[in-house]
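Enquirer: Got a structure for you, questions after.
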Amino acid sequence: MADTRIHSKAASVSFQGVSKVYGKDVLAVDDVSLDIEPGTLVTLLGPSGCGKTTTLRMIAGLEMATKGKILIGGKDVTSLPATDRDVSMVFQSYALFPHMTVMENVSYGLKFSGFDKSETRDRAMAGLDLVGLGGFGARLPSELSGGQQQRVAVARALVLEPQVLLFDEPLSNLDAKLRRQVREEIREIQQNLGLTVVYVTHDQEEALAVSDRIVVMRNAGIAQVGTPRELFDAPADRFVADFIGEANLLDCAIETVEGDMAQINLSGYRHQLDARGMSPGPATVAIRPSRLRLTPGADGDGIAAQIEKATYVGSRMEYIVAAEFGQVFAVSDNVDAPLSPGDAVRLSFDARGPVLLPAG
């Protein structure tokens, strides 16, 4: 690696009641307050049009907040243009100059930062080493794979030593296998350098894989903030439960609450789980497909059900299961003895996993 290494200047990011309105009445971001700790990777996750990219662009200074404050490293940058904010952004399209070599692309921003030719070259080489492209400096972008081009874009952003590094849907142009590889590389670089990264995606699996915390956005606001496990295991509502991974959302009744535990009734099947502050009455139970249990046969504990559809997807079986209350989606790692359409089964829940939510 070159002598000049890239050092993190990680900074916090804070949104204080930030809104963004386009025109007279198009509300893109609605009164968002959010604190991002330095050295963490935080993902903005949500469906199209929820406000996540606008939020990212307001950190970058590419969009200006209509109201509220944005602080980077404790400094109010709300009214500062992009050129005066110490952030770098990696775009979905990579935005590489096709007529420049990889080295020239990575060096481009450094030429405007006051470094001499020698230091510019050293920093660019260090950046390429960091992303595993040390020997590729003389190539043109057209001579690289999609994943390599994305890494060049990351190196170009890293060499500027930003306080905050921003990613806007960085993997959407890559195939599934390459997406997994590059997201692991981005996460490794972020952790090794202690960078503050804000990362936008609509891909739930991607968000779960790379994030310290996830900000789930809906309708221009924040639905829930938490670690990947918190959001997966304890979603705040039906939207988050269904958006983070997949969930079967079933109507049930809370029969009793004793201490922190509730007993629910679903088509005569009773199950105990965390009450989450709820009282007896109608409720929803959210159950991940992997936490449903299918026991072959018509007799036994659980809910009487029938396999409607069975699909082999390599590492697991996927089932559509019909019960009195409707259909559920279940998965099983048992690919050697799969169930078949028409098979009678008893449906039950894992002891841990189902989550109570307010009635939908």
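In the structure tokens, chains take letters A, B, ... by order of appearance, with residues numbered from 1 within each chain and ligands from 1 in the order shown.
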What lies within 10 Å of Pro358 (chain A) using only C-alpha atoms, ignoring chain neighbours under 6 positions off, as a ChimeraX atom specification?
Expert: /A:236-238,251,276,278-279,281-285
Enquirer: Output all heavy atoms for every residue in that selection, as a PDB file, in the first residue's frame.
Expert:
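What landed in part_26.pdb:
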```
ATOM      1  N   ALA A 236     -42.407  -2.125  14.834  1.00  0.00           N
ATOM      2  CA  ALA A 236     -43.340  -1.252  15.565  1.00  0.00           C
ATOM      3  C   ALA A 236     -44.771  -1.391  15.066  1.00  0.00           C
ATOM      4  O   ALA A 236     -45.712  -1.152  15.816  1.00  0.00           O
ATOM      5  CB  ALA A 236     -42.887   0.202  15.434  1.00  0.00           C
ATOM      6  N   ASP A 237     -44.928  -1.742  13.788  1.00  0.00           N
ATOM      7  CA  ASP A 237     -46.281  -1.802  13.233  1.00  0.00           C
ATOM      8  C   ASP A 237     -46.307  -2.751  12.039  1.00  0.00           C
ATOM      9  O   ASP A 237     -45.297  -3.352  11.672  1.00  0.00           O
ATOM     10  CB  ASP A 237     -46.787  -0.399  12.851  1.00  0.00           C
ATOM     11  CG  ASP A 237     -45.862   0.313  11.864  1.00  0.00           C
ATOM     12  OD1 ASP A 237     -45.166  -0.375  11.090  1.00  0.00           O
ATOM     13  OD2 ASP A 237     -45.831   1.559  11.873  1.00  0.00           O
ATOM     14  N   ARG A 238     -47.470  -2.855  11.419  1.00  0.00           N
ATOM     15  CA  ARG A 238     -47.650  -3.783  10.305  1.00  0.00           C
ATOM     16  C   ARG A 238     -46.752  -3.423   9.119  1.00  0.00           C
ATOM     17  O   ARG A 238     -46.219  -4.308   8.452  1.00  0.00           O
ATOM     18  CB  ARG A 238     -49.124  -3.787   9.861  1.00  0.00           C
ATOM     19  CG  ARG A 238     -50.085  -4.334  10.899  1.00  0.00           C
ATOM     20  CD  ARG A 238     -51.538  -4.124  10.474  1.00  0.00           C
ATOM     21  NE  ARG A 238     -51.890  -4.933   9.327  1.00  0.00           N
ATOM     22  CZ  ARG A 238     -52.577  -6.085   9.388  1.00  0.00           C
ATOM     23  NH1 ARG A 238     -52.966  -6.555  10.564  1.00  0.00           N
ATOM     24  NH2 ARG A 238     -52.873  -6.742   8.298  1.00  0.00           N
ATOM     25  N   ASP A 251     -54.854 -11.817  11.949  1.00  0.00           N
ATOM     26  CA  ASP A 251     -55.734 -11.294  13.001  1.00  0.00           C
ATOM     27  C   ASP A 251     -55.879 -12.339  14.103  1.00  0.00           C
ATOM     28  O   ASP A 251     -56.041 -13.534  13.840  1.00  0.00           O
ATOM     29  CB  ASP A 251     -57.115 -10.974  12.422  1.00  0.00           C
ATOM     30  CG  ASP A 251     -57.062  -9.830  11.409  1.00  0.00           C
ATOM     31  OD1 ASP A 251     -56.189  -8.959  11.564  1.00  0.00           O
ATOM     32  OD2 ASP A 251     -57.883  -9.843  10.473  1.00  0.00           O
ATOM     33  N   ARG A 276     -46.052  -6.658  24.869  1.00  0.00           N
ATOM     34  CA  ARG A 276     -45.630  -5.373  24.316  1.00  0.00           C
ATOM     35  C   ARG A 276     -46.567  -4.234  24.732  1.00  0.00           C
ATOM     36  O   ARG A 276     -46.877  -3.334  23.953  1.00  0.00           O
ATOM     37  CB  ARG A 276     -45.523  -5.438  22.790  1.00  0.00           C
ATOM     38  CG  ARG A 276     -44.609  -6.542  22.278  1.00  0.00           C
ATOM     39  CD  ARG A 276     -44.415  -6.459  20.785  1.00  0.00           C
ATOM     40  NE  ARG A 276     -43.484  -5.410  20.411  1.00  0.00           N
ATOM     41  CZ  ARG A 276     -43.325  -4.963  19.171  1.00  0.00           C
ATOM     42  NH1 ARG A 276     -44.054  -5.472  18.189  1.00  0.00           N
ATOM     43  NH2 ARG A 276     -42.450  -4.008  18.905  1.00  0.00           N
ATOM     44  N   MET A 278     -49.730  -4.310  25.356  1.00  0.00           N
ATOM     45  CA  MET A 278     -51.099  -4.370  24.836  1.00  0.00           C
ATOM     46  C   MET A 278     -52.037  -5.035  25.838  1.00  0.00           C
ATOM     47  O   MET A 278     -51.614  -5.779  26.721  1.00  0.00           O
ATOM     48  CB  MET A 278     -51.109  -5.094  23.488  1.00  0.00           C
ATOM     49  CG  MET A 278     -50.306  -4.366  22.421  1.00  0.00           C
ATOM     50  SD  MET A 278     -50.197  -5.236  20.835  1.00  0.00           S
ATOM     51  CE  MET A 278     -51.938  -5.290  20.377  1.00  0.00           C
ATOM     52  N   SER A 279     -53.322  -4.769  25.678  1.00  0.00           N
ATOM     53  CA  SER A 279     -54.366  -5.279  26.577  1.00  0.00           C
ATOM     54  C   SER A 279     -55.221  -6.296  25.846  1.00  0.00           C
ATOM     55  O   SER A 279     -55.193  -6.381  24.603  1.00  0.00           O
ATOM     56  CB  SER A 279     -55.247  -4.119  27.066  1.00  0.00           C
ATOM     57  OG  SER A 279     -54.470  -3.141  27.717  1.00  0.00           O
ATOM     58  N   GLY A 281     -58.042  -8.104  23.799  1.00  0.00           N
ATOM     59  CA  GLY A 281     -58.862  -7.588  22.715  1.00  0.00           C
ATOM     60  C   GLY A 281     -58.282  -7.965  21.368  1.00  0.00           C
ATOM     61  O   GLY A 281     -57.317  -8.736  21.276  1.00  0.00           O
ATOM     62  N   PRO A 282     -58.827  -7.406  20.290  1.00  0.00           N
ATOM     63  CA  PRO A 282     -58.333  -7.719  18.949  1.00  0.00           C
ATOM     64  C   PRO A 282     -56.879  -7.257  18.761  1.00  0.00           C
ATOM     65  O   PRO A 282     -56.474  -6.221  19.296  1.00  0.00           O
ATOM     66  CB  PRO A 282     -59.270  -6.932  18.020  1.00  0.00           C
ATOM     67  CG  PRO A 282     -60.469  -6.622  18.849  1.00  0.00           C
ATOM     68  CD  PRO A 282     -59.987  -6.492  20.263  1.00  0.00           C
ATOM     69  N   ALA A 283     -56.119  -8.023  17.995  1.00  0.00           N
ATOM     70  CA  ALA A 283     -54.713  -7.685  17.745  1.00  0.00           C
ATOM     71  C   ALA A 283     -54.280  -8.345  16.444  1.00  0.00           C
ATOM     72  O   ALA A 283     -55.044  -9.064  15.795  1.00  0.00           O
ATOM     73  CB  ALA A 283     -53.825  -8.144  18.907  1.00  0.00           C
ATOM     74  N   THR A 284     -53.029  -8.078  16.068  1.00  0.00           N
ATOM     75  CA  THR A 284     -52.401  -8.724  14.921  1.00  0.00           C
ATOM     76  C   THR A 284     -51.162  -9.445  15.418  1.00  0.00           C
ATOM     77  O   THR A 284     -50.439  -8.923  16.268  1.00  0.00           O
ATOM     78  CB  THR A 284     -51.995  -7.683  13.856  1.00  0.00           C
ATOM     79  OG1 THR A 284     -53.161  -7.028  13.378  1.00  0.00           O
ATOM     80  CG2 THR A 284     -51.263  -8.335  12.689  1.00  0.00           C
ATOM     81  N   VAL A 285     -50.917 -10.644  14.896  1.00  0.00           N
ATOM     82  CA  VAL A 285     -49.662 -11.311  15.185  1.00  0.00           C
ATOM     83  C   VAL A 285     -48.870 -11.407  13.883  1.00  0.00           C
ATOM     84  O   VAL A 285     -49.407 -11.776  12.838  1.00  0.00           O
ATOM     85  CB  VAL A 285     -49.883 -12.714  15.822  1.00  0.00           C
ATOM     86  CG1 VAL A 285     -50.639 -13.645  14.885  1.00  0.00           C
ATOM     87  CG2 VAL A 285     -48.548 -13.327  16.237  1.00  0.00           C
TER      88      VAL A 285
END
```
Enquirer: If you run DSSP on the backbone, which residues of region 62-230 of chain A are alpha helix (DSSP H), as an mmCIF file with C-alpha atoms, in the first residue's frame?
Expert:
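This is the output file out12.cif:
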```cif
data_model
loop_
_atom_site.group_PDB
_atom_site.id
_atom_site.type_symbol
_atom_site.label_atom_id
_atom_site.label_comp_id
_atom_site.auth_asym_id
_atom_site.auth_seq_id
_atom_site.Cartn_x
_atom_site.Cartn_y
_atom_site.Cartn_z
ATOM 1 C CA VAL A 102 -9.013 4.559 -13.306
ATOM 2 C CA MET A 103 -6.154 6.504 -11.689
ATOM 3 C CA GLU A 104 -7.312 9.753 -13.297
ATOM 4 C CA ASN A 105 -10.879 9.143 -12.129
ATOM 5 C CA VAL A 106 -9.795 8.535 -8.547
ATOM 6 C CA SER A 107 -7.429 11.530 -8.619
ATOM 7 C CA LYS A 117 1.032 15.849 -8.029
ATOM 8 C CA SER A 118 3.053 13.490 -5.837
ATOM 9 C CA GLU A 119 0.590 13.498 -2.944
ATOM 10 C CA THR A 120 -2.371 13.271 -5.312
ATOM 11 C CA ARG A 121 -0.864 10.125 -6.846
ATOM 12 C CA ASP A 122 -0.031 8.608 -3.440
ATOM 13 C CA ARG A 123 -3.546 9.203 -2.145
ATOM 14 C CA ALA A 124 -5.119 7.802 -5.310
ATOM 15 C CA MET A 125 -2.953 4.678 -5.104
ATOM 16 C CA ALA A 126 -3.891 4.258 -1.438
ATOM 17 C CA GLY A 127 -7.563 4.523 -2.370
ATOM 18 C CA LEU A 128 -7.248 1.901 -5.098
ATOM 19 C CA ASP A 129 -5.353 -0.406 -2.720
ATOM 20 C CA LEU A 130 -8.164 -0.067 -0.185
ATOM 21 C CA GLY A 146 -19.608 -3.480 -12.999
ATOM 22 C CA GLY A 147 -18.365 -4.408 -9.555
ATOM 23 C CA GLN A 148 -14.902 -3.010 -10.280
ATOM 24 C CA GLN A 149 -16.405 0.234 -11.585
ATOM 25 C CA GLN A 150 -18.384 0.571 -8.366
ATOM 26 C CA ARG A 151 -15.193 0.109 -6.349
ATOM 27 C CA VAL A 152 -13.495 2.845 -8.366
ATOM 28 C CA ALA A 153 -16.384 5.151 -7.468
ATOM 29 C CA VAL A 154 -15.921 4.235 -3.793
ATOM 30 C CA ALA A 155 -12.162 4.882 -3.997
ATOM 31 C CA ARG A 156 -12.762 8.275 -5.623
ATOM 32 C CA ALA A 157 -15.007 9.246 -2.717
ATOM 33 C CA LEU A 158 -12.693 7.821 -0.025
ATOM 34 C CA ALA A 176 -27.280 -10.715 -7.216
ATOM 35 C CA LYS A 177 -23.957 -12.487 -6.569
ATOM 36 C CA LEU A 178 -21.921 -9.343 -7.214
ATOM 37 C CA ARG A 179 -24.252 -7.267 -5.009
ATOM 38 C CA ARG A 180 -23.484 -9.547 -2.091
ATOM 39 C CA GLN A 181 -19.730 -9.351 -2.707
ATOM 40 C CA VAL A 182 -19.573 -5.561 -3.116
ATOM 41 C CA ARG A 183 -21.813 -4.847 -0.116
ATOM 42 C CA GLU A 184 -19.449 -6.945 2.028
ATOM 43 C CA GLU A 185 -16.503 -4.946 0.681
ATOM 44 C CA ILE A 186 -18.217 -1.629 1.434
ATOM 45 C CA ARG A 187 -19.022 -2.781 4.966
ATOM 46 C CA GLU A 188 -15.441 -3.976 5.536
ATOM 47 C CA ILE A 189 -13.960 -0.657 4.365
ATOM 48 C CA GLN A 190 -16.420 1.294 6.520
ATOM 49 C CA GLN A 191 -15.543 -0.707 9.628
ATOM 50 C CA ASN A 192 -11.778 -0.737 9.019
ATOM 51 C CA LEU A 193 -11.634 3.043 8.531
ATOM 52 C CA GLN A 204 -34.303 -5.112 2.761
ATOM 53 C CA GLU A 205 -31.701 -7.893 2.682
ATOM 54 C CA GLU A 206 -29.001 -5.419 1.720
ATOM 55 C CA ALA A 207 -29.988 -3.121 4.595
ATOM 56 C CA LEU A 208 -29.983 -5.970 7.115
ATOM 57 C CA ALA A 209 -26.548 -7.134 5.919
ATOM 58 C CA VAL A 210 -24.592 -3.870 6.057
ATOM 59 C CA PRO A 228 -31.349 -4.877 12.025
ATOM 60 C CA ARG A 229 -32.273 -7.410 14.729
ATOM 61 C CA GLU A 230 -34.543 -4.975 16.561
#
```
Enquirer: Near Val335 (chain A), counting only C-alpha atoms, which residues have an atom at most 12 Å away, once you skip same-chain residues fewer than 6 positions from it, shown as a list in words?
Expert: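 The neighbour list is Ala310, Thr311, Tyr312, Val313, Gly314, Ser315, Arg316, Met317, Glu318 and Tyr319 of chain A.
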Enquirer: Just write the chosen residues, C-alpha atoms, as an mmCIF file, in the first residue's frame.
Expert:
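Printed below is result.cif as written:
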```cif
data_model
loop_
_atom_site.group_PDB
_atom_site.id
_atom_site.type_symbol
_atom_site.label_atom_id
_atom_site.label_comp_id
_atom_site.auth_asym_id
_atom_site.auth_seq_id
_atom_site.Cartn_x
_atom_site.Cartn_y
_atom_site.Cartn_z
ATOM 1 C CA ALA A 310 -44.556 -26.233 -2.742
ATOM 2 C CA THR A 311 -41.539 -24.636 -4.432
ATOM 3 C CA TYR A 312 -37.940 -25.845 -4.310
ATOM 4 C CA VAL A 313 -35.478 -22.907 -4.430
ATOM 5 C CA GLY A 314 -32.215 -24.736 -3.767
ATOM 6 C CA SER A 315 -31.360 -24.146 -0.130
ATOM 7 C CA ARG A 316 -34.932 -24.346 1.135
ATOM 8 C CA MET A 317 -38.552 -25.190 0.378
ATOM 9 C CA GLU A 318 -41.189 -22.482 0.125
ATOM 10 C CA TYR A 319 -44.792 -23.323 0.921
#
```
Enquirer: Using DSSP secondary structure from the backbone, list all strand (DSSP E or B) positions within region 148-312 of chain A, as a tab-separated table (two decimals) with C-alpha atoms, in the first residue's frame.
Expert:
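Wrote it out as out.tsv, contents follow:
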```tsv
chain	number	residue	atom	x	y	z
A	164	VAL	CA	-19.50	11.55	5.91
A	165	LEU	CA	-19.65	9.14	2.97
A	166	LEU	CA	-23.02	8.82	1.21
A	167	PHE	CA	-24.23	5.94	-0.96
A	168	ASP	CA	-27.32	6.24	-3.18
A	197	VAL	CA	-21.72	6.17	6.15
A	198	VAL	CA	-25.32	6.96	5.21
A	199	TYR	CA	-26.59	4.41	2.74
A	200	VAL	CA	-29.84	4.47	0.74
A	201	THR	CA	-31.48	1.30	-0.55
A	213	ARG	CA	-28.87	0.92	12.35
A	214	ILE	CA	-31.71	1.15	9.85
A	215	VAL	CA	-34.08	4.07	9.41
A	216	VAL	CA	-37.31	2.75	7.88
A	217	MET	CA	-39.08	5.55	6.03
A	218	ARG	CA	-42.70	5.80	4.94
A	221	GLY	CA	-41.38	10.41	7.56
A	222	ILE	CA	-39.68	7.87	9.82
A	223	ALA	CA	-41.64	4.71	10.65
A	224	GLN	CA	-39.01	3.15	12.95
A	225	VAL	CA	-35.29	3.32	13.73
A	226	GLY	CA	-33.34	0.39	15.16
A	248	ASN	CA	-47.48	-13.22	7.80
A	249	LEU	CA	-49.87	-10.71	9.40
A	250	LEU	CA	-52.74	-12.57	11.04
A	251	ASP	CA	-55.73	-11.29	13.00
A	252	CYS	CA	-55.94	-12.77	16.48
A	253	ALA	CA	-57.44	-12.09	19.90
A	254	ILE	CA	-55.49	-11.41	23.09
A	255	GLU	CA	-57.32	-13.50	25.70
A	256	THR	CA	-55.30	-12.71	28.81
A	257	VAL	CA	-52.30	-10.62	29.87
A	258	GLU	CA	-50.26	-11.64	32.90
A	261	MET	CA	-46.90	-12.06	28.67
A	262	ALA	CA	-50.06	-12.30	26.59
A	263	GLN	CA	-51.99	-15.38	25.52
A	264	ILE	CA	-53.46	-15.13	22.04
A	265	ASN	CA	-56.10	-17.22	20.30
A	266	LEU	CA	-55.92	-17.83	16.56
A	269	TYR	CA	-54.69	-22.29	18.64
A	270	ARG	CA	-53.27	-20.61	21.73
A	271	HIS	CA	-49.78	-19.17	22.02
A	272	GLN	CA	-47.94	-17.09	24.63
A	273	LEU	CA	-45.73	-14.17	23.67
A	274	ASP	CA	-44.56	-10.74	24.81
A	281	GLY	CA	-58.86	-7.59	22.72
A	282	PRO	CA	-58.33	-7.72	18.95
A	283	ALA	CA	-54.71	-7.69	17.75
A	284	THR	CA	-52.40	-8.72	14.92
A	285	VAL	CA	-49.66	-11.31	15.18
A	286	ALA	CA	-46.70	-11.03	12.80
A	287	ILE	CA	-44.91	-14.30	12.05
A	292	LEU	CA	-43.81	-21.28	11.27
A	293	ARG	CA	-43.75	-25.00	12.01
A	294	LEU	CA	-45.38	-27.51	9.66
A	295	THR	CA	-45.98	-30.98	11.11
A	296	PRO	CA	-47.14	-33.59	8.58
A	303	ILE	CA	-53.95	-25.49	13.41
A	304	ALA	CA	-55.35	-27.81	10.76
A	305	ALA	CA	-53.96	-26.75	7.38
A	306	GLN	CA	-53.11	-28.00	3.91
A	307	ILE	CA	-50.18	-27.44	1.56
A	308	GLU	CA	-51.41	-25.53	-1.49
A	309	LYS	CA	-48.09	-24.93	-3.24
A	310	ALA	CA	-44.56	-26.23	-2.74
A	311	THR	CA	-41.54	-24.64	-4.43
A	312	TYR	CA	-37.94	-25.84	-4.31
```
Enquirer: Kindly indicate which residue among A:Gln92, A:Thr101, A:Thr54, A:Ser12 lies nearest to Gly73 (chain A), using only C-alpha atoms for the distances.
Expert: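 That would be A:Ser12, the residue with the smallest distance to Gly73 (chain A).
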Enquirer: Given the choices A:Val13, A:Ala60, A:Met100, A:Leu339, which gets closest to Ala82 (chain A) if the distance is worked out from only C-alpha atoms?
Expert: A:Ala60
Enquirer: Pick from A:Leu56, A:Val18, A:Leu34, A:Val345: nearest to Thr78 (chain A), with only C-alpha atoms counted?
Expert: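 Selected residue with least distance to Thr78 (chain A): A:Val18.
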Enquirer: Find, counting only C-alpha atoms, the residue in A:Gly268, A:Arg352, A:Asp84, A:Met89 that gets nearest to Glu324 (chain A).
Expert: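 Looking only at the distances to Glu324 (chain A), the closest residue turns out to be A:Gly268.
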Enquirer: Given only C-alpha atoms as the basis, pick out the residue of A:Gly135, A:Leu140, A:Phe112, A:Ser33 nearest to Phe97 (chain A).
Expert: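 Distance minimum relative to Phe97 (chain A) lands on A:Leu140.
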